[in-house]
Amino acid sequence: MHNSINLPSVYPVTGHTDFVGEGTTFVAISGTKLNGLDFIPLALQKGAKKIVIQGDTVVSPDLKILILSYQAELEYVSDCRKALSEMSAQALNFPAKKLKIVAVTGTKGKTSTCYMAYHMLQALGKKVALISTVEKRIGLDLVNVSLTTPLPDQIQMFLYECVQRGIEFVVMEVSAQALTLQRVEGIEFEAGVFTNFSHEHLEFYKDLPEYFAAKKLLVSKIKNSENMFINVDDAHGEILMREFLNCSSFSLQDQSATIYGNVDQKSDENIVQIKIDQQMYEIFLPLLGVFNIYNLLGVVGLLYALKINLNDAKWSLKALPYVPGRMEQYHLKNGSRCFIDYAHNPSSFEAVLSTLRTMTSHLIVVFGSAGNRDKQKRPIMGSIAQKYCDVVILTSDNPRDENPIEIAKDVEVGFEKNISFEFYKELNRVKAIELGYELTKPGSIVAILGKGRDEYQIVGGLTFPFKERSIIRPFIAENE
C-alpha cells in the first residue's frame, strides 16, 4: 500500500488564500471568474505580510488603508502570473534547478506518455516524480494536488518537496492553458515531447491557431532544442518541425526521423523496434492501439535525452497493466469486454474507436459531451461514434450549467440519416452504462468514454461522486 501525502499547507508565496499563513506573500491575480483583489482582506487576516498587485490596477483608498493597518507591504509588478512563478521559485530556493524535469504537451496522449515515462524510470530504479492529469506522485507516494498542471505556487512547492525527498527526475504533463497562464514560467526542461494536435479547448482559445500557438511555447522552455521530440506523422507536428529545425522527430512512417518505430504486433502485446542514433532497440509495450506506440516513441526520446540506457529499458513496462482511465479493460461475465477511457474530443474518439473496431464485430459506445466546453466538437464526435459503432448510447457527461437535452441534440446533429445503427438516448449515465451491458453478447465490446479516472459528475454548480468502475463492478467476471 502506497502512502498519500499532502504538500505543506502554508506557502511562502501564493495566489490562493488557502495557502496563506503568517509571513506569506499574497499575489492578487485577476482570473476569468474571480478577482484576487477581493481576497486581499482574507489574506491579511491569515497573516500575509506582502501583497503583490498588477501595476495598472486601481486600488481603493480603503484597501490601501487596510493593508497599512496590517503593516503589510504593497508591491506593484508588471505581470502578476509571471511574478507568482518567479517569486515562488525564489522563496523556495529554485527547486527546479536541482531536478531533471521533462515535459509532455499535445492534444491527446499527454497522460499516457507521462505515465509510461514515470513507470519506466521507476522500473529502472530511478528516483522519479510525476505530475499528470491522473496522478501526482513523488516516488511511489500519491500527492493530493488538483488540476492537470497545478498552479505555479503548487508546482514550486511540489518540486521543493521532490528535492527534500531526494528525487532526481520529474515527468510533467504541460497543458496549453498552463503555458498560456505562465504556470511553468522559469522552469527549464531537460527534454520535451509534442504528441499531436487536434480540435480541443475552443472554450478557452478563440480559435485553433491560437491554441496551437500556446502549445508551441513549450519549445522555448527546453534547455537544448535537440531534446524536443516532435511527432512528425501528425500534420501540426510537421508544421512545428519546419518552424523549429533543430528539434528532433519521431515517426512510424519516416525512416529518416530521429526516432523511427517499427511494430511487431502480436495478439495481446507489441514488441516495438526502435531506431535512434543508428542504434536498434526493442521495447515491450503491453498497451493497445497505434496511438500508444506513438506515445512510447516520445517516451524513448525523453529517456534518450536523460541518458538512460535503452537496452535496460526493454521490459520496463512489463508490470504496467494500463494507464489509469486510458483504455482500462475489464472482462465481463457474459464473455464481452468493457473499456473505460477518457476520450472526450474528436481525435481521441477516432483513435480509441478505430482501435476497438478491429477487436470485435459488435461495438457499443456510451458517451456524452461536457457542458460549458467547446460546442463545435459535439457533432464531430457523434459522426465518429456512428462511423465505428454498431450501437450508440448517448448520455450525460458533466453538463455543468447547460441543459443535457440540448447537449445531446448538438451531438445528434453529427449523425447521418442514411447510415443504419442502433441508437439510444439515456441521459442518466448510470442507466446508460447498465443499458450498455444489457446489449452486450459474447465477443461484444462496450466503450464508456469521456470520464476515464474522474470520480465525479458536475451538474449545475454541484459536484457529485460518480465512479464508473463501481457501476460496472457487478458485471465483471469473477477471475478479473
# chains A, B, ... in the order shown; residues from 1 in each chain; ligands from 1

call {"tool": "residues_around", "arguments": {"residues": "Cys114 of chain A", "least_positions_apart": "5", "cutoff": "9 Å", "atoms": "only C-alpha atoms", "output": "PyMOL selection string"}}
result
chain A and resi 103-104+109+119+130-132+171-173+295+299

call {"tool": "atom_distance", "arguments": {"atom1": "atom CA of Ala89 of chain A", "atom2": "atom CA of Cys162 of chain A"}}
result
13.5 Å

call {"tool": "residues_around", "arguments": {"residues": "Lys223 of chain A", "least_positions_apart": "2", "cutoff": "10 Å", "atoms": "only C-alpha atoms", "output": "list of chain:residue names"}}
result
A:Ile187, A:Glu188, A:Phe189, A:Glu190, A:Ala191, A:Gly192, A:Val219, A:Ser220, A:Lys221, A:Ser225, A:Glu226, A:Asn227, A:Met228

call {"tool": "residues_around", "arguments": {"residues": "Ser336 of chain A", "least_positions_apart": "2", "cutoff": "12 Å", "atoms": "only C-alpha atoms", "output": "list in words"}}
result
Gln329, Tyr330, His331, Leu332, Lys333, Asn334, Cys338, Phe339, Met359, Thr360, Ser361, His362, Leu363, Ile364, Gly436, Tyr437, Glu438, Leu439, Thr440, Lys441, Pro442, Gly443, Ser444, Ile445, Val446, Ala447, Phe475, Ile476 and Ala477 of chain A

call {"tool": "write_last_selection", "arguments": {"atoms": "C-alpha atoms", "output": "PDB file, in the first residue's frame"}}
result
ATOM      1  CA  GLN A 329     -10.011  -3.099 -19.885  1.00  0.00           C
ATOM      2  CA  TYR A 330     -12.435  -5.333 -17.969  1.00  0.00           C
ATOM      3  CA  HIS A 331     -13.628  -8.833 -18.923  1.00  0.00           C
ATOM      4  CA  LEU A 332     -17.347  -9.170 -18.236  1.00  0.00           C
ATOM      5  CA  LYS A 333     -19.356 -12.170 -17.025  1.00  0.00           C
ATOM      6  CA  ASN A 334     -21.060 -12.896 -20.345  1.00  0.00           C
ATOM      7  CA  CYS A 338     -15.632  -3.190 -21.318  1.00  0.00           C
ATOM      8  CA  PHE A 339     -13.139  -0.358 -21.905  1.00  0.00           C
ATOM      9  CA  MET A 359     -11.176  -6.145 -31.956  1.00  0.00           C
ATOM     10  CA  THR A 360     -14.888  -7.023 -32.238  1.00  0.00           C
ATOM     11  CA  SER A 361     -17.793  -7.468 -34.611  1.00  0.00           C
ATOM     12  CA  HIS A 362     -20.147  -5.785 -32.114  1.00  0.00           C
ATOM     13  CA  LEU A 363     -19.021  -2.412 -30.726  1.00  0.00           C
ATOM     14  CA  ILE A 364     -21.180  -0.397 -28.297  1.00  0.00           C
ATOM     15  CA  GLY A 436     -24.624  -0.850 -22.491  1.00  0.00           C
ATOM     16  CA  TYR A 437     -24.038  -4.094 -20.603  1.00  0.00           C
ATOM     17  CA  GLU A 438     -27.588  -5.367 -21.292  1.00  0.00           C
ATOM     18  CA  LEU A 439     -26.970  -5.003 -25.022  1.00  0.00           C
ATOM     19  CA  THR A 440     -23.692  -6.976 -24.984  1.00  0.00           C
ATOM     20  CA  LYS A 441     -23.259 -10.585 -26.062  1.00  0.00           C
ATOM     21  CA  PRO A 442     -20.170 -12.842 -26.048  1.00  0.00           C
ATOM     22  CA  GLY A 443     -17.437 -11.073 -28.001  1.00  0.00           C
ATOM     23  CA  SER A 444     -19.027  -7.589 -27.726  1.00  0.00           C
ATOM     24  CA  ILE A 445     -17.036  -4.571 -26.580  1.00  0.00           C
ATOM     25  CA  VAL A 446     -18.708  -1.713 -24.720  1.00  0.00           C
ATOM     26  CA  ALA A 447     -16.676   1.516 -24.611  1.00  0.00           C
ATOM     27  CA  PHE A 475     -20.886  -7.250 -14.431  1.00  0.00           C
ATOM     28  CA  ILE A 476     -17.142  -8.032 -14.161  1.00  0.00           C
ATOM     29  CA  ALA A 477     -16.030 -11.663 -14.476  1.00  0.00           C
TER      30      ALA A 477
END

call {"tool": "select_by_dssp", "arguments": {"residues": "segment 171-376 of chain A", "states": "helix (DSSP H, G or I)", "output": "JSON, numbers by chain"}}
result
{"A": [176, 177, 178, 179, 180, 208, 209, 210, 211, 212, 213, 214, 215, 216, 219, 220, 221, 225, 226, 227, 235, 236, 237, 238, 239, 240, 241, 242, 243, 290, 291, 292, 293, 294, 295, 296, 297, 298, 299, 300, 301, 302, 303, 304, 305, 310, 311, 312, 313, 346, 347, 348, 349, 350, 351, 352, 353, 354, 355, 356, 357]}

call {"tool": "closest_atom_pairs", "arguments": {"of": "segment 116-167 of chain A", "to": "segment 300-310 of chain A", "cutoff": "10 Å", "atoms": "only C-alpha atoms", "output": "tab-separated table"}}
result
residue	atom	partner	partner_atom	distance
A:Met116	CA	A:Val300	CA	9.8
A:Ala117	CA	A:Leu303	CA	7.6
A:Met120	CA	A:Leu303	CA	8.8
A:Leu121	CA	A:Leu303	CA	8.1
A:Leu124	CA	A:Ile308	CA	8.9
A:Lys126	CA	A:Ile308	CA	9.9

call {"tool": "write_last_selection", "arguments": {"atoms": "N, CA, C and O atoms", "output": "mmCIF file, in the first residue's frame"}}
result
data_model
loop_
_atom_site.group_PDB
_atom_site.id
_atom_site.type_symbol
_atom_site.label_atom_id
_atom_site.label_comp_id
_atom_site.auth_asym_id
_atom_site.auth_seq_id
_atom_site.Cartn_x
_atom_site.Cartn_y
_atom_site.Cartn_z
ATOM 1 N N MET A 116 3.834 6.397 -18.783
ATOM 2 C CA MET A 116 4.818 5.419 -19.270
ATOM 3 C C MET A 116 6.234 5.816 -18.874
ATOM 4 O O MET A 116 7.023 4.990 -18.415
ATOM 5 N N ALA A 117 6.580 7.103 -19.087
ATOM 6 C CA ALA A 117 7.930 7.579 -18.772
ATOM 7 C C ALA A 117 8.227 7.418 -17.283
ATOM 8 O O ALA A 117 9.298 6.932 -16.887
ATOM 9 N N MET A 120 8.623 3.651 -16.483
ATOM 10 C CA MET A 120 9.887 3.089 -16.984
ATOM 11 C C MET A 120 11.061 3.537 -16.128
ATOM 12 O O MET A 120 11.930 2.734 -15.774
ATOM 13 N N LEU A 121 11.095 4.811 -15.768
ATOM 14 C CA LEU A 121 12.179 5.305 -14.909
ATOM 15 C C LEU A 121 12.127 4.635 -13.539
ATOM 16 O O LEU A 121 13.158 4.244 -12.981
ATOM 17 N N LEU A 124 13.424 1.182 -13.700
ATOM 18 C CA LEU A 124 14.880 1.168 -13.868
ATOM 19 C C LEU A 124 15.609 1.631 -12.601
ATOM 20 O O LEU A 124 16.816 1.836 -12.605
ATOM 21 N N LYS A 126 15.165 4.458 -10.815
ATOM 22 C CA LYS A 126 15.434 5.894 -10.663
ATOM 23 C C LYS A 126 14.469 6.520 -9.653
ATOM 24 O O LYS A 126 13.354 6.047 -9.466
#

call {"tool": "select_by_dssp", "arguments": {"residues": "segment 107-164 of chain A", "states": "strand (DSSP E or B)", "output": "ChimeraX atom specification"}}
result
/A:128-131,136-138,141-143

call {"tool": "write_last_selection", "arguments": {"atoms": "N, CA, C and O atoms", "output": "mmCIF file, in the first residue's frame"}}
result
data_model
loop_
_atom_site.group_PDB
_atom_site.id
_atom_site.type_symbol
_atom_site.label_atom_id
_atom_site.label_comp_id
_atom_site.auth_asym_id
_atom_site.auth_seq_id
_atom_site.Cartn_x
_atom_site.Cartn_y
_atom_site.Cartn_z
ATOM 1 N N VAL A 128 11.988 9.126 -9.113
ATOM 2 C CA VAL A 128 11.222 9.906 -10.079
ATOM 3 C C VAL A 128 9.878 10.358 -9.507
ATOM 4 O O VAL A 128 9.274 9.670 -8.686
ATOM 5 N N ALA A 129 9.428 11.541 -9.956
ATOM 6 C CA ALA A 129 8.118 12.082 -9.571
ATOM 7 C C ALA A 129 7.293 12.314 -10.828
ATOM 8 O O ALA A 129 7.832 12.410 -11.936
ATOM 9 N N LEU A 130 5.969 12.408 -10.651
ATOM 10 C CA LEU A 130 5.038 12.541 -11.770
ATOM 11 C C LEU A 130 4.009 13.628 -11.486
ATOM 12 O O LEU A 130 3.418 13.665 -10.408
ATOM 13 N N ILE A 131 3.797 14.521 -12.481
ATOM 14 C CA ILE A 131 2.689 15.477 -12.419
ATOM 15 C C ILE A 131 1.847 15.239 -13.664
ATOM 16 O O ILE A 131 2.252 15.570 -14.779
ATOM 17 N N LYS A 136 -0.555 12.649 -9.263
ATOM 18 C CA LYS A 136 0.677 13.344 -8.912
ATOM 19 C C LYS A 136 1.389 12.415 -7.935
ATOM 20 O O LYS A 136 0.803 12.003 -6.932
ATOM 21 N N ARG A 137 2.626 12.052 -8.236
ATOM 22 C CA ARG A 137 3.373 11.134 -7.367
ATOM 23 C C ARG A 137 4.773 11.674 -7.079
ATOM 24 O O ARG A 137 5.408 12.251 -7.952
ATOM 25 N N ILE A 138 5.231 11.447 -5.863
ATOM 26 C CA ILE A 138 6.637 11.648 -5.521
ATOM 27 C C ILE A 138 7.154 10.288 -5.099
ATOM 28 O O ILE A 138 6.712 9.743 -4.085
ATOM 29 N N ASP A 141 4.619 7.548 -3.717
ATOM 30 C CA ASP A 141 3.565 8.156 -2.902
ATOM 31 C C ASP A 141 2.676 9.090 -3.727
ATOM 32 O O ASP A 141 3.177 9.941 -4.481
ATOM 33 N N LEU A 142 1.361 8.942 -3.563
ATOM 34 C CA LEU A 142 0.403 9.838 -4.221
ATOM 35 C C LEU A 142 0.379 11.182 -3.506
ATOM 36 O O LEU A 142 0.400 11.244 -2.272
ATOM 37 N N VAL A 143 0.335 12.257 -4.287
ATOM 38 C CA VAL A 143 0.291 13.610 -3.717
ATOM 39 C C VAL A 143 -1.057 14.229 -4.039
ATOM 40 O O VAL A 143 -1.532 14.145 -5.168
#

call {"tool": "residues_around", "arguments": {"residues": "Pro324 of chain A", "least_positions_apart": "6", "cutoff": "8 Å", "atoms": "only C-alpha atoms", "output": "number ranges by chain"}}
result
A: 134, 452-453

call {"tool": "write_last_selection", "arguments": {"atoms": "N, CA, C and O atoms", "output": "PDB file, in the first residue's frame"}}
result
ATOM      1  N   VAL A 134      -3.980  12.357 -14.224  1.00  0.00           N
ATOM      2  CA  VAL A 134      -4.479  11.224 -13.452  1.00  0.00           C
ATOM      3  C   VAL A 134      -3.918  11.216 -12.044  1.00  0.00           C
ATOM      4  O   VAL A 134      -4.652  11.020 -11.071  1.00  0.00           O
ATOM      5  N   GLY A 452     -13.004   8.603 -17.908  1.00  0.00           N
ATOM      6  CA  GLY A 452     -11.745   7.964 -17.531  1.00  0.00           C
ATOM      7  C   GLY A 452     -11.646   7.746 -16.043  1.00  0.00           C
ATOM      8  O   GLY A 452     -12.475   7.077 -15.432  1.00  0.00           O
ATOM      9  N   ARG A 453     -10.649   8.378 -15.420  1.00  0.00           N
ATOM     10  CA  ARG A 453     -10.393   8.216 -13.995  1.00  0.00           C
ATOM     11  C   ARG A 453     -11.235   9.163 -13.113  1.00  0.00           C
ATOM     12  O   ARG A 453     -11.225   9.061 -11.893  1.00  0.00           O
TER      13      ARG A 453
END

call {"tool": "residues_around", "arguments": {"residues": "Ile384 of chain A", "least_positions_apart": "2", "cutoff": "9 Å", "atoms": "only C-alpha atoms", "output": "JSON, numbers by chain"}}
result
{"A": [346, 349, 350, 353, 379, 380, 381, 382, 386, 387, 388, 389, 414, 415]}

call {"tool": "closest_residue", "arguments": {"among": "A:Met87, A:Ile67, A:Val59, A:Ala176", "to": "Thr25 of chain A", "atoms": "only C-alpha atoms"}}
result
A:Met87

call {"tool": "residues_around", "arguments": {"residues": "Ser9 of chain A", "least_positions_apart": "3", "cutoff": "8 Å", "atoms": "only C-alpha atoms", "output": "PyMOL selection string"}}
result
chain A and resi 6+18-19

call {"tool": "atom_distance", "arguments": {"atom1": "atom CA of Ser4 of chain A", "atom2": "atom CA of Ala91 of chain A"}}
result
25.5 Å

call {"tool": "closest_residue", "arguments": {"among": "A:Leu218, A:Ala385, A:Ala178, A:Ile274", "to": "Asn345 of chain A", "atoms": "only C-alpha atoms"}}
result
A:Ala385

call {"tool": "atom_distance", "arguments": {"atom1": "atom CA of Ile407 of chain A", "atom2": "atom CA of Phe212 of chain A"}}
result
26.1 Å

call {"tool": "closest_residue", "arguments": {"among": "A:Val163, A:Leu181, A:Ile419, A:Leu66", "to": "Asp390 of chain A", "atoms": "only C-alpha atoms"}}
result
A:Ile419

call {"tool": "closest_residue", "arguments": {"among": "A:Thr14, A:Gln273, A:Thr355, A:Asn311", "to": "Val290 of chain A", "atoms": "only C-alpha atoms"}}
result
A:Thr355

call {"tool": "closest_residue", "arguments": {"among": "A:Ile393, A:Leu462, A:Leu42, A:Leu240", "to": "Asn428 of chain A", "atoms": "only C-alpha atoms"}}
result
A:Ile393

call {"tool": "closest_residue", "arguments": {"among": "A:Ile433, A:Ala96, A:Val58, A:Val174", "to": "Glu468 of chain A", "atoms": "only C-alpha atoms"}}
result
A:Ile433
